[in-house]
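S.K.: Here it is: the structure, laid out below.
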Amino acid sequence: MQYSRLAVAALAAALVFSAPIAQANTIQLTYENNLGNPTGRITDDGTRSPTIRAGEFEFSTAGDTLYWDDGLSAFCIQIDMALAGTAEYEIVSGLGSFSETQQGHIAALFSNYYAASKASNVASAAFQLALWEIINESGDSGLNLSGGSFSATTFGGARELANGWLANLGEDTGAYEFYMFISPNSQNLLAVRPVPEPATLALLGAGLLGGALLRRRRKA
C-alpha cells in the first residue's frame with residue numbers, strides 16, 4: 001500500500017507538468033527581440049498602419065517560473081495596441097476569445113507551420129502575418145493577405161509565404177497547448193507549449209517514483 005501511494009503521487013506530479021494552466025496567473029514580460037526582420041504595412045478595414053516589423057517576439061520573464069522561467073516567445077494578437085517594453089500580463093489558457101473557426105485555423109497554423117517559422121526572419125514574419133489574417137479577416141474573400149478586409153504589403157516576400165500557408169492550413173494535430181497573455185497596457189500575445197508525448201510522461205512518472213523509492217530505502 002505504501003508503494004501504491006508513492007506511485008499515485010508520482011503520477012499526479014507528472015500530470016501537473018503536462019496539464020495546461022487551469023486558472024488565471026500573472027507574469028511580467030520584458031521585450032528583448034523580434035525574430036522577424038522584414039518591414040511593411042498592414043491594412044485593417046481601410047485603416048493603414050505605419051511601417052512595422054512582423055515576427056515572433058522574445059521576452060525575458062518574471063513572476064512565473066512554472067513554464068517560462070527561461071524566457072518566452074510569443075506572437076502579437078492585437079494590432080490596435082502598442083507593445084510595452086515591460087508589462088504585467090494575465091495568462092489565460094486556450095483560445096476561448098476567438099470563434100470556433102478561428103480556433104481551428106490557428107491550431108492548424110501552429111501544428112503545420114510553427115516549426116517552419118523558425119527557419120528564417122522572413123518565415124517568422126510570414127507566420128505573424130498569417131496569424132493576423134486569421135484573427136482579423138472579416139470579409140468573404142477567404143484567407144489571403146493580398147485582399148479582403150485585412151491585407152498586408154509584401155514584407156520582403158513574407159506575404160507570399162504566408163498566403164501559401166493559409167491556402168494549405170491542413171489539420172490540427174493537437175501538438176500544442178495555447179496560452180494568451182492579456183494586458184490593459186500592452187498588446188495581447190499568444191504563445192504555445194508542446195504537448196508532452198505519452199512516453200515522456202511515462203518516463204517522468206517513472207523517474208519520480210524511482211526517486212521516491214530510493215529516498216525511502218536510504219531512510220530505512
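For the C-alpha cells, the naming scheme is as follows: chains receive sequential letters (A, B, ...) according to their order of presentation, residues are indexed from 1 within each chain, and ligands are indexed from 1 in presentation order.
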Show me, as a PyMOL selection string, the residues that have an atom within 10 Å of region 52-59 of chain A when counting only C-alpha atoms, minus same-chain residues fewer than 4 positions from it.
M.R.: chain A and resi 28-42+68+70-76+85-86+117-118+121-129+132+155+158+189-191
S.K.: Report as an mmCIF file with C-alpha atoms, in the first residue's frame: the residues of region 6-203 of chain A with a DSSP assignment of strand (DSSP E), based on the backbone of this structure.
M.R.:
```cif
data_model
loop_
_atom_site.group_PDB
_atom_site.id
_atom_site.type_symbol
_atom_site.label_atom_id
_atom_site.label_comp_id
_atom_site.auth_asym_id
_atom_site.auth_seq_id
_atom_site.Cartn_x
_atom_site.Cartn_y
_atom_site.Cartn_z
ATOM 1 C CA ASN A 25 -1.942 33.506 -13.429
ATOM 2 C CA THR A 26 0.215 36.591 -13.932
ATOM 3 C CA ILE A 27 3.633 37.160 -15.419
ATOM 4 C CA GLN A 28 5.862 40.134 -16.182
ATOM 5 C CA LEU A 29 7.257 40.253 -19.710
ATOM 6 C CA THR A 30 10.136 42.443 -20.881
ATOM 7 C CA TYR A 31 10.659 42.765 -24.626
ATOM 8 C CA GLU A 32 14.064 41.557 -25.845
ATOM 9 C CA ASN A 33 13.888 40.908 -29.600
ATOM 10 C CA ASN A 34 11.730 40.458 -32.702
ATOM 11 C CA THR A 39 9.020 45.524 -42.599
ATOM 12 C CA GLY A 40 5.805 46.563 -44.283
ATOM 13 C CA ILE A 42 -0.949 46.266 -42.811
ATOM 14 C CA THR A 43 -4.468 47.480 -43.589
ATOM 15 C CA ASP A 44 -7.483 46.603 -41.450
ATOM 16 C CA THR A 47 -7.088 51.799 -41.828
ATOM 17 C CA ARG A 48 -3.444 51.512 -42.852
ATOM 18 C CA ILE A 52 6.064 47.965 -38.857
ATOM 19 C CA ARG A 53 8.061 44.787 -38.325
ATOM 20 C CA PHE A 57 8.754 38.319 -30.104
ATOM 21 C CA GLU A 58 11.232 37.161 -27.480
ATOM 22 C CA PHE A 59 10.734 38.218 -23.853
ATOM 23 C CA SER A 60 12.505 37.799 -20.554
ATOM 24 C CA THR A 61 10.142 36.872 -17.741
ATOM 25 C CA ALA A 62 9.499 37.443 -14.055
ATOM 26 C CA LEU A 72 9.109 33.338 -23.586
ATOM 27 C CA SER A 73 8.465 33.564 -27.336
ATOM 28 C CA ALA A 74 5.080 34.878 -28.443
ATOM 29 C CA PHE A 75 3.169 36.447 -31.333
ATOM 30 C CA CYS A 76 1.047 39.592 -31.350
ATOM 31 C CA THR A 86 7.767 45.814 -19.819
ATOM 32 C CA ALA A 87 4.236 44.939 -18.731
ATOM 33 C CA GLU A 88 2.255 42.668 -16.426
ATOM 34 C CA TYR A 89 0.118 40.087 -18.195
ATOM 35 C CA GLU A 90 -2.654 37.733 -17.165
ATOM 36 C CA ILE A 91 -2.087 34.215 -18.506
ATOM 37 C CA VAL A 92 -5.220 32.618 -19.971
ATOM 38 C CA SER A 93 -5.037 29.049 -21.272
ATOM 39 C CA PHE A 150 -7.274 42.701 -43.754
ATOM 40 C CA SER A 151 -4.258 42.871 -46.030
ATOM 41 C CA ALA A 152 -0.513 43.458 -45.995
ATOM 42 C CA TYR A 176 0.461 22.438 -28.886
ATOM 43 C CA GLU A 177 -1.222 23.955 -25.854
ATOM 44 C CA PHE A 178 -2.157 27.610 -26.287
ATOM 45 C CA TYR A 179 -1.735 30.473 -23.837
ATOM 46 C CA MET A 180 -2.933 34.043 -24.291
ATOM 47 C CA PHE A 181 -1.213 36.874 -22.440
ATOM 48 C CA ILE A 182 -3.638 39.710 -21.739
ATOM 49 C CA LEU A 189 0.091 37.950 -27.118
ATOM 50 C CA LEU A 190 -0.170 34.267 -27.979
ATOM 51 C CA ALA A 191 2.360 31.581 -27.045
ATOM 52 C CA VAL A 192 2.351 27.802 -27.249
ATOM 53 C CA ARG A 193 3.827 24.904 -25.327
ATOM 54 C CA PRO A 194 4.342 21.462 -26.926
#
```
S.K.: Go through A:Leu161, A:Ala82, A:Ile134, A:Leu169 one by one, measure the shortest atom-to-atom distance of each to Ser111 (chain A) using only C-alpha atoms, and give the residue with the smallest value.
M.R.: A:Leu169
S.K.: Would you mind telling me which residue in A:Asn144, A:Ser149, A:Asn112, A:Gln187 lies nearest to Thr173 (chain A) when using only C-alpha atoms?
M.R.: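 Nearest to Thr173 (chain A): A:Asn112.
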S.K.: Counting only C-alpha atoms, which residue out of A:Pro184, A:Gly156, A:Gly148, A:Gly142 sits closest to Asp45 (chain A)?
M.R.: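 Ranked by minimum distance to Asp45 (chain A), first place goes to A:Gly148.
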S.K.: Among region 1-179 of chain A, which residues carry a DSSP assignment of alpha helix (DSSP H), reported as a ChimeraX atom specification?
M.R.: /A:2-18,100-117,121-136,158-167
